[in-house]
Amino acid sequence: SCLPEVIDDTEHNDVATQLKDQLNNRQLMVAVLDALSNLNVKPDLMTEVRLAVLQKVPGVELQDLPVVVKFLLQSVSAYDAVEVVRELRDQLDLTPGLSVKKGEASRNASSSSRSSEALVVDAIRAGITFQKAIAEAWIKAVESVSNAADHKDVDVLVLLLLHSTAVSKARRRAVEGLLRAKVRAGKFTHDLLRKTFTTHAQVLREYFQSVLTMAEVLLRSPESAIELFGCHVYQETFSAFDMYCRQELVGSLVTHIGSGVLGEVDSALDVLCDLVRDMPSAMAPFAVFIKGVLDYLDNLTVAQIRKLFAMLGALAFSGTQDGAHIQDDMHILIRKQLSNNAPKYKRMGVIGVIMVVRSLGAKRKEGAQAISKDVYDQITGLLAMVRSSCQHMPAEYALFMDELACVMQKRQLDEKVETWISEDILTDFQDDYVVDVDADRVSQSDTTLPLDLCYNLEDGDELQEGNIAVNLLPLLEAADKMKGSPTRKGKKRLVSPVCLAPHFRLLRFCEQAQRGGDLEGIDALLGCPLYLFKEEIVEKIESLSGGEKDLLCSALFHTLNWFREIINGFSNQRDPEMRGKVLVRLQNIIHVQELLRTCLAATPGFVPPQAIFDCEIDKMSVPVSGGARRGRRKTAKGGKKSPKGEMSPDANDTISTGTQDGTQSEKDSSEGDKGEEKANDTISTGTQDGTQSEKDSSEGDKGEEKASVNLEHYRTFFRELDIEVFSILKCGMVSRSVLDTEMHTKETTVLKLQPRELLFLLKDLNLKLEHVLIAAAKRKTFLKTKSNQRNGFSHLDQHTAQEVAEQVVQLLPALCDHLEATCTYFQNLLEENDGVVDGPWGDRAQTELMSAVFSQLLHALARVFSWSGFTGCDGQKLLQQAVSTLAGRIKVSSTTQASTQDMIRHAFRYVENFFNTAPNLTTTVSLIKLLVSISEKSSQADQFFSKIAEHTQTILKREWIGKDGQREKGAKYNEDLQFVLKTFLDYSEDKLSCIEHLASVGVPELVEADKNSCSRTYPTLTRQSLGVFYRAMVSELVVCVRDIPAGKPSDSAKVQVERLFCWSIAVRIFHILVNLVKVFDGRLYLGAALKYGRMFVEVFLRQGMPVLDNVFKTHKDDVHSLLKNIQLSTRAMHHICGFSKVSKDVSLTNYVPLVKKTLEMFVYRVKAMLTMNKCLDAFWLGNLKNRDLQGEEICSQAYADQAPAITQSDEDTDNDATELPDDDDDDSDTTNLEEESVGSNEQDGSVDGESYSESY
């Protein structure tokens, strides 16, 4: 260690050489490194020493590791920092040793390892703090890891260090962006996070503020996967840290609740609920923090209030002293809310009572003391108080039964309490809704609409003996009459059809609790008829009055919700007769939906009855049907006038049931992104097309307009289907006897799930999967709002994502059966129509229906396999089960003993078989997503890349024909095409060559073709879709060149030439794409050329010019050719800038300052290279006139009086709507450069002249 002070400076290199040989001696390593760090050594020798030290990192003892890390980071230069840090990261292992001795030695060893670990982290922190190159190298090292399994706990630690030491906001945002990107891509998993906090809790404690800040940032993200990861950070931090940190965490979560952002509030409440459930004793001291949220109940939704009361109930009645203090406060608050006649506060009181009852009457453990009489009386008193306070408010009473049903479903109450509820509920239901069938009831009825007995599934003989029926229509009319009259207190409670479905739901859970899951006691309700109107009335609806139409629609909504709740109750029963009746009820739902579409089209402005009671009533809104909107220019409250000629029946024009105008647009925008199936798949009439252009083509056909009501926009007015309902997908043929009403009929009827019913179930299943199974790579949306996205999923939210995934994996064999049957249909269609499956042949309606089923099946499978939960420990077995299900569908030698990787290959092959029968582009997109998801589950994903690229290229080379026999087009088609194109380029072995082929072959073919024609090589490349291709090509080109490493003088000549060749290809492609704006001058093309053109030139300056510097002397002609090409491109960009200025298009002129700055930097950089190589004489100045896109001179005075707008061809209008705003623009200062140019003579072997005239 004292050598540096003893020896002469001239001997440093010799001594360093000798010391390097002593690195093999572990006892001397620390002293040797200490001496080397203080010697003035030549760079080449220091590089050798570093390489020798890096090779020994894996074998270094943990207590010596801090010195090694400190030496490596202090001796590194900015030039090779990236390589050294990446190698250090790969070799570094901070996990303490497993072989620990017992007793005191064990504690000493553990303490020593923790202190050594802290010293290593301090060494990394010092390097990051004092050397910018080290910090950037760590960011690149973490960023370069492409596989989730390759990430280590040190990656999480380093990101926290980078965040805590960041001085500028830009660095802090860069670290946060990298973390979000890793989580979004599924590279950072919950298991990695848990391991980091479990192993390095002591080190992380020192950086608590950074941990808290990162958790807050993640939790505020609008992306579900990132938001969930933020929740995990909060949970792991609470588990690992001390009381002070826990208090800060709870305070931060309460702050999130007060933010008012729906998703943020939900996530914060979810974290607190999980902590209360998993660690009640640890959360008890912080009950007062959570109780403080009660002051802000007005700002919370019903679902959020439920979570809050659930936490407070669990803490208040947990038996701890901290929780006992809030019991009285809760009782006082609940009674005040129930006594309030405002529905909003009444709902709060209802939920509060249910949560208190759940905590008070919780089922005791075996051997524990039974529930006391005082507690029992208190529970029954609370329930009776809710019933009496809500007896004249049907919606609040329905909410009470729904909430109580959720508690009964989970069997969380004591048996004594369950029995009391069951007896009371059964009596009420029979008295309120069930009547005996009487022949005179129909003939003597005085209802507004003619009464009839409908949808009977029982035998006619039994009906004559006094069978039961649901008295729906008379109750509905009676309830409507009661609405107009003042409520008289003290009278019998109001019996409303609104409570019918919730009451039955509570009834069936009580029945299951009392009879061990059997529903034989109430099975008569499954097949009993309903007292409704005669169906012929629907055909004459135009002749009815407004009140009669509203009554008709209300009756149909109640009928649908009754059938949906019936299916919820009986779908998991095993009795064949019951299963057969369930299938018939499913058919009834489809039939009633058809009637409802007809009625809604003829009843503009109708507000359906409420069916979901735990969402905000004032935010529920109804879309106006197309016919209604055109027939009446003025809509109801909050509505807007439609633009002239607007045709879409699915537009965002709404009738709001409340007073807030802005809620529906948020709802429609959020629901519009729910799934790809909504834009394409319709089953009602066969006339509603999936794209806007096709809707426009049907303008004027009023008969079709009326039948085009989209019921998916009414989803919040339908009862939610339980996840158990999808067990219907498993049933094949079901035999039932005597379904006919004729007495002499005794033959057996065979029932089977038909395509319409299958499509109905699949659409609902996909909505549920998208809600609960978060995909790892879900893209960020523009709108940060999440309003109404969770409405209609309250029953599903009772299950965890793991539970839902387990149930769906059990459905995979059934889904595969249906998928194969659908594929067989299209194979037969192919044989009948000479290999054409997407043309207007055969039974068009049936083909469209089967196509929608095909797409939904693939979408469901893709959603399952893209779930991020498969990466965790619990998800691995589930993934193996799912993959083996698909692998077992193909005939292989043996799948029982196959490894997981073999099964993934077989599953991939199985899905590939469906490509030839895909009827439309949307279906193939689902197929590609499924293949990508399956391939990502493999540890050897590279083996599937070529197959995915091959399939996507085949899709691009196929001409897709729509339902009308014309080539597909429109916004949805362009969206799907963009996904296919991006996937093709991402998974291609040589992305640059693929882009070159598209630009040099496909684009020229399109330019030479007719206006309505397409490229011969790529039939999907048309003038309507060129914007998608152009943007994808130019953006992916920038990604490609970023992957070309910057040149170094030490690189071999072969490597340098290869990089020069890559840059030559890239510049040639760039030249083709930039000059394409001379032919297609739409705003989309100009904006993309400016945005990505600037990025390309910046990357060229940063990574391409060093390559040219190294090879200038040996490959002067190649360098000259490359610079000449890029000069032509930059000149075209200069022309675009000039044209943007005179066109006064703000969206384009925003790009111009940064583009001009980059072009000026290019001039100076080329001048520097020529100066370095003693060719400065080749650089000269000149004047370059401002020109437009066609090269015509722009005269500033000529444009002073006229302001020409940017011209845009007709074929570009479809794509402008999809253009995204540039996030890279800022207000950076730009250098003004007047009349400078770079040029040369051909004889000098340098570049032609170019000048830049800057007027900004």
# chains A, B, ... in the order shown; residues from 1 in each chain; ligands from 1
call {"tool": "residues_around", "arguments": {"residues": "Ser267 in chain A", "least_positions_apart": "5", "cutoff": "10 Å", "atoms": "only C-alpha atoms", "output": "VMD selection string"}}
result
chain A and resid 219 to 220 224 227 to 228 230 to 231 253 256 to 257 262 272 to 273 304
call {"tool": "write_last_selection", "arguments": {"atoms": "all heavy atoms", "output": "mmCIF file, in the first residue's frame"}}
result
data_model
loop_
_atom_site.group_PDB
_atom_site.id
_atom_site.type_symbol
_atom_site.label_atom_id
_atom_site.label_comp_id
_atom_site.auth_asym_id
_atom_site.auth_seq_id
_atom_site.Cartn_x
_atom_site.Cartn_y
_atom_site.Cartn_z
ATOM 1 N N LEU A 219 -47.261 4.110 -8.852
ATOM 2 C CA LEU A 219 -48.681 3.986 -8.524
ATOM 3 C C LEU A 219 -49.530 4.991 -9.294
ATOM 4 O O LEU A 219 -50.709 4.743 -9.565
ATOM 5 C CB LEU A 219 -48.892 4.171 -7.022
ATOM 6 C CG LEU A 219 -50.249 3.708 -6.489
ATOM 7 C CD1 LEU A 219 -50.340 2.193 -6.533
ATOM 8 C CD2 LEU A 219 -50.470 4.199 -5.076
ATOM 9 N N ARG A 220 -48.953 6.102 -9.682
ATOM 10 C CA ARG A 220 -49.703 7.119 -10.430
ATOM 11 C C ARG A 220 -49.785 6.811 -11.922
ATOM 12 O O ARG A 220 -50.450 7.535 -12.658
ATOM 13 C CB ARG A 220 -49.049 8.485 -10.239
ATOM 14 C CG ARG A 220 -49.174 9.045 -8.830
ATOM 15 C CD ARG A 220 -48.785 10.514 -8.788
ATOM 16 N NE ARG A 220 -48.832 11.009 -7.418
ATOM 17 C CZ ARG A 220 -47.754 11.212 -6.663
ATOM 18 N NH1 ARG A 220 -46.567 10.950 -7.157
ATOM 19 N NH2 ARG A 220 -47.870 11.658 -5.434
ATOM 20 N N SER A 224 -51.811 -0.367 -16.287
ATOM 21 C CA SER A 224 -52.194 -1.309 -15.227
ATOM 22 C C SER A 224 -51.003 -2.084 -14.685
ATOM 23 O O SER A 224 -50.871 -2.277 -13.474
ATOM 24 C CB SER A 224 -53.261 -2.274 -15.760
ATOM 25 O OG SER A 224 -54.403 -1.578 -16.171
ATOM 26 N N GLU A 227 -48.830 0.192 -12.572
ATOM 27 C CA GLU A 227 -49.583 0.517 -11.358
ATOM 28 C C GLU A 227 -49.539 -0.649 -10.367
ATOM 29 O O GLU A 227 -49.325 -0.462 -9.159
ATOM 30 C CB GLU A 227 -51.014 0.839 -11.753
ATOM 31 C CG GLU A 227 -51.872 1.429 -10.677
ATOM 32 C CD GLU A 227 -53.247 1.753 -11.212
ATOM 33 O OE1 GLU A 227 -53.947 0.815 -11.656
ATOM 34 O OE2 GLU A 227 -53.626 2.924 -11.205
ATOM 35 N N LEU A 228 -49.698 -1.866 -10.863
ATOM 36 C CA LEU A 228 -49.656 -3.055 -10.011
ATOM 37 C C LEU A 228 -48.271 -3.238 -9.399
ATOM 38 O O LEU A 228 -48.133 -3.615 -8.227
ATOM 39 C CB LEU A 228 -50.057 -4.276 -10.827
ATOM 40 C CG LEU A 228 -50.091 -5.611 -10.086
ATOM 41 C CD1 LEU A 228 -51.127 -5.580 -8.968
ATOM 42 C CD2 LEU A 228 -50.394 -6.758 -11.045
ATOM 43 N N GLY A 230 -46.212 -0.870 -8.707
ATOM 44 C CA GLY A 230 -46.120 0.119 -7.637
ATOM 45 C C GLY A 230 -46.783 -0.363 -6.360
ATOM 46 O O GLY A 230 -46.276 -0.121 -5.254
ATOM 47 N N CYS A 231 -47.910 -1.066 -6.492
ATOM 48 C CA CYS A 231 -48.559 -1.658 -5.312
ATOM 49 C C CYS A 231 -47.646 -2.673 -4.636
ATOM 50 O O CYS A 231 -47.550 -2.718 -3.393
ATOM 51 C CB CYS A 231 -49.874 -2.328 -5.717
ATOM 52 S SG CYS A 231 -51.125 -1.207 -6.365
ATOM 53 N N LEU A 253 -49.970 6.485 1.184
ATOM 54 C CA LEU A 253 -51.131 5.832 0.582
ATOM 55 C C LEU A 253 -52.410 6.636 0.822
ATOM 56 O O LEU A 253 -53.263 6.745 -0.066
ATOM 57 C CB LEU A 253 -51.281 4.413 1.132
ATOM 58 C CG LEU A 253 -50.222 3.406 0.660
ATOM 59 C CD1 LEU A 253 -50.303 2.123 1.478
ATOM 60 C CD2 LEU A 253 -50.397 3.099 -0.818
ATOM 61 N N HIS A 256 -52.472 9.361 -1.605
ATOM 62 C CA HIS A 256 -52.945 8.868 -2.915
ATOM 63 C C HIS A 256 -54.471 8.831 -2.959
ATOM 64 O O HIS A 256 -55.078 9.166 -3.981
ATOM 65 C CB HIS A 256 -52.389 7.470 -3.186
ATOM 66 C CG HIS A 256 -50.958 7.444 -3.634
ATOM 67 N ND1 HIS A 256 -50.528 8.078 -4.773
ATOM 68 C CD2 HIS A 256 -49.870 6.850 -3.106
ATOM 69 C CE1 HIS A 256 -49.220 7.882 -4.919
ATOM 70 N NE2 HIS A 256 -48.799 7.137 -3.915
ATOM 71 N N ILE A 257 -55.075 8.411 -1.855
ATOM 72 C CA ILE A 257 -56.543 8.319 -1.811
ATOM 73 C C ILE A 257 -57.158 9.708 -1.985
ATOM 74 O O ILE A 257 -58.221 9.853 -2.604
ATOM 75 C CB ILE A 257 -57.000 7.673 -0.488
ATOM 76 C CG1 ILE A 257 -56.500 6.224 -0.410
ATOM 77 C CG2 ILE A 257 -58.514 7.729 -0.342
ATOM 78 C CD1 ILE A 257 -56.766 5.546 0.920
ATOM 79 N N LEU A 262 -59.088 8.284 -10.199
ATOM 80 C CA LEU A 262 -59.800 7.042 -9.901
ATOM 81 C C LEU A 262 -58.867 5.849 -9.767
ATOM 82 O O LEU A 262 -58.918 5.104 -8.787
ATOM 83 C CB LEU A 262 -60.839 6.779 -10.990
ATOM 84 C CG LEU A 262 -61.760 5.577 -10.766
ATOM 85 C CD1 LEU A 262 -62.574 5.755 -9.499
ATOM 86 C CD2 LEU A 262 -62.679 5.390 -11.964
ATOM 87 N N LEU A 272 -53.788 -0.991 0.872
ATOM 88 C CA LEU A 272 -54.159 -0.954 2.286
ATOM 89 C C LEU A 272 -55.006 -2.160 2.664
ATOM 90 O O LEU A 272 -54.825 -2.746 3.752
ATOM 91 C CB LEU A 272 -54.917 0.336 2.583
ATOM 92 C CG LEU A 272 -54.079 1.626 2.594
ATOM 93 C CD1 LEU A 272 -54.970 2.849 2.708
ATOM 94 C CD2 LEU A 272 -53.062 1.598 3.732
ATOM 95 N N CYS A 273 -55.932 -2.566 1.783
ATOM 96 C CA CYS A 273 -56.755 -3.754 2.058
ATOM 97 C C CYS A 273 -55.893 -5.002 2.196
ATOM 98 O O CYS A 273 -56.103 -5.836 3.103
ATOM 99 C CB CYS A 273 -57.785 -3.949 0.956
ATOM 100 S SG CYS A 273 -59.151 -2.767 0.988
ATOM 101 N N GLN A 304 -65.060 2.083 -3.893
ATOM 102 C CA GLN A 304 -63.985 2.532 -3.012
ATOM 103 C C GLN A 304 -64.458 2.633 -1.565
ATOM 104 O O GLN A 304 -63.705 2.309 -0.642
ATOM 105 C CB GLN A 304 -63.464 3.885 -3.503
ATOM 106 C CG GLN A 304 -62.737 3.803 -4.830
ATOM 107 C CD GLN A 304 -62.536 5.162 -5.475
ATOM 108 O OE1 GLN A 304 -63.067 6.169 -5.005
ATOM 109 N NE2 GLN A 304 -61.786 5.199 -6.558
#
call {"tool": "residues_around", "arguments": {"residues": "Asn974 in chain A", "least_positions_apart": "5", "cutoff": "10 Å", "atoms": "only C-alpha atoms", "output": "PyMOL selection string"}}
result
chain A and resi 921+968-969+979-980+1020+1024-1029+1214-1215+1218
call {"tool": "closest_residue", "arguments": {"among": "A:Leu977, A:Leu92, A:Ile371, A:Val53", "to": "Ser75 in chain A", "atoms": "only C-alpha atoms"}}
result
A:Val53
call {"tool": "closest_residue", "arguments": {"among": "A:Ala898, A:Cys731, A:Ala805, A:Ala52", "to": "Asp874 in chain A", "atoms": "only C-alpha atoms"}}
result
A:Ala805
call {"tool": "residues_around", "arguments": {"residues": "Pro343 in chain A", "least_positions_apart": "6", "cutoff": "10 Å", "atoms": "only C-alpha atoms", "output": "list of chain:residue names"}}
result
A:Gln337, A:Gly349, A:Cys390, A:Met393, A:Ala395, A:Glu396, A:Ile617
call {"tool": "write_last_selection", "arguments": {"atoms": "C-alpha atoms", "output": "short mmCIF file (atom, residue, chain, number, x, y, z; two decimals), in the first residue's frame"}}
result
data_model
loop_
_atom_site.label_atom_id
_atom_site.label_comp_id
_atom_site.auth_asym_id
_atom_site.auth_seq_id
_atom_site.Cartn_x
_atom_site.Cartn_y
_atom_site.Cartn_z
CA GLN A 337 -75.96 7.84 6.79
CA GLY A 349 -74.73 3.49 5.15
CA CYS A 390 -84.48 1.35 2.41
CA MET A 393 -85.87 3.10 -2.16
CA ALA A 395 -82.06 0.91 -5.84
CA GLU A 396 -80.60 1.14 -2.34
CA ILE A 617 -75.89 6.69 -10.79
#
call {"tool": "residues_around", "arguments": {"residues": "range 1008-1012 of chain A", "least_positions_apart": "6", "cutoff": "10 Å", "atoms": "only C-alpha atoms", "output": "ChimeraX atom specification"}}
result
/A:967,1022-1024,1211
call {"tool": "write_last_selection", "arguments": {"atoms": "C-alpha atoms", "output": "short mmCIF file (atom, residue, chain, number, x, y, z; two decimals), in the first residue's frame"}}
result
data_model
loop_
_atom_site.label_atom_id
_atom_site.label_comp_id
_atom_site.auth_asym_id
_atom_site.auth_seq_id
_atom_site.Cartn_x
_atom_site.Cartn_y
_atom_site.Cartn_z
CA ARG A 967 -60.39 -4.49 -50.37
CA THR A 1022 -52.21 0.80 -50.80
CA ARG A 1023 -52.53 4.55 -50.94
CA GLN A 1024 -54.90 4.36 -47.98
CA GLU A 1211 -55.90 9.12 -49.74
#
call {"tool": "select_by_dssp", "arguments": {"residues": "range 305-525 of chain A", "states": "strand (DSSP E)", "output": "list in words"}}
result
Val434, Val435, Asp436, Leu451, Asp452, Leu453, Cys454, Ile468, Ala469 and Val470 of chain A
call {"tool": "residues_around", "arguments": {"residues": "Gln378 in chain A", "least_positions_apart": "4", "cutoff": "9 Å", "atoms": "only C-alpha atoms", "output": "number ranges by chain"}}
result
A: 357, 360, 373-374, 382-383
call {"tool": "residues_around", "arguments": {"residues": "Gln754 in chain A", "least_positions_apart": "5", "cutoff": "12 Å", "atoms": "only C-alpha atoms", "output": "PyMOL selection string"}}
result
chain A and resi 583-584+586-587+590+728-729+731-733+759-761+818+821-822+846+849-850+853
call {"tool": "atom_distance", "arguments": {"atom1": "CA of Met1172 in chain A", "atom2": "CA of Leu1108 in chain A"}}
result
11.6 Å
call {"tool": "select_by_dssp", "arguments": {"residues": "range 967-1124 of chain A", "states": "helix (DSSP H, G or I)", "output": "PyMOL selection string"}}
result
chain A and resi 971-987+991-1008+1026-1042+1053-1078+1083-1111+1116-1124
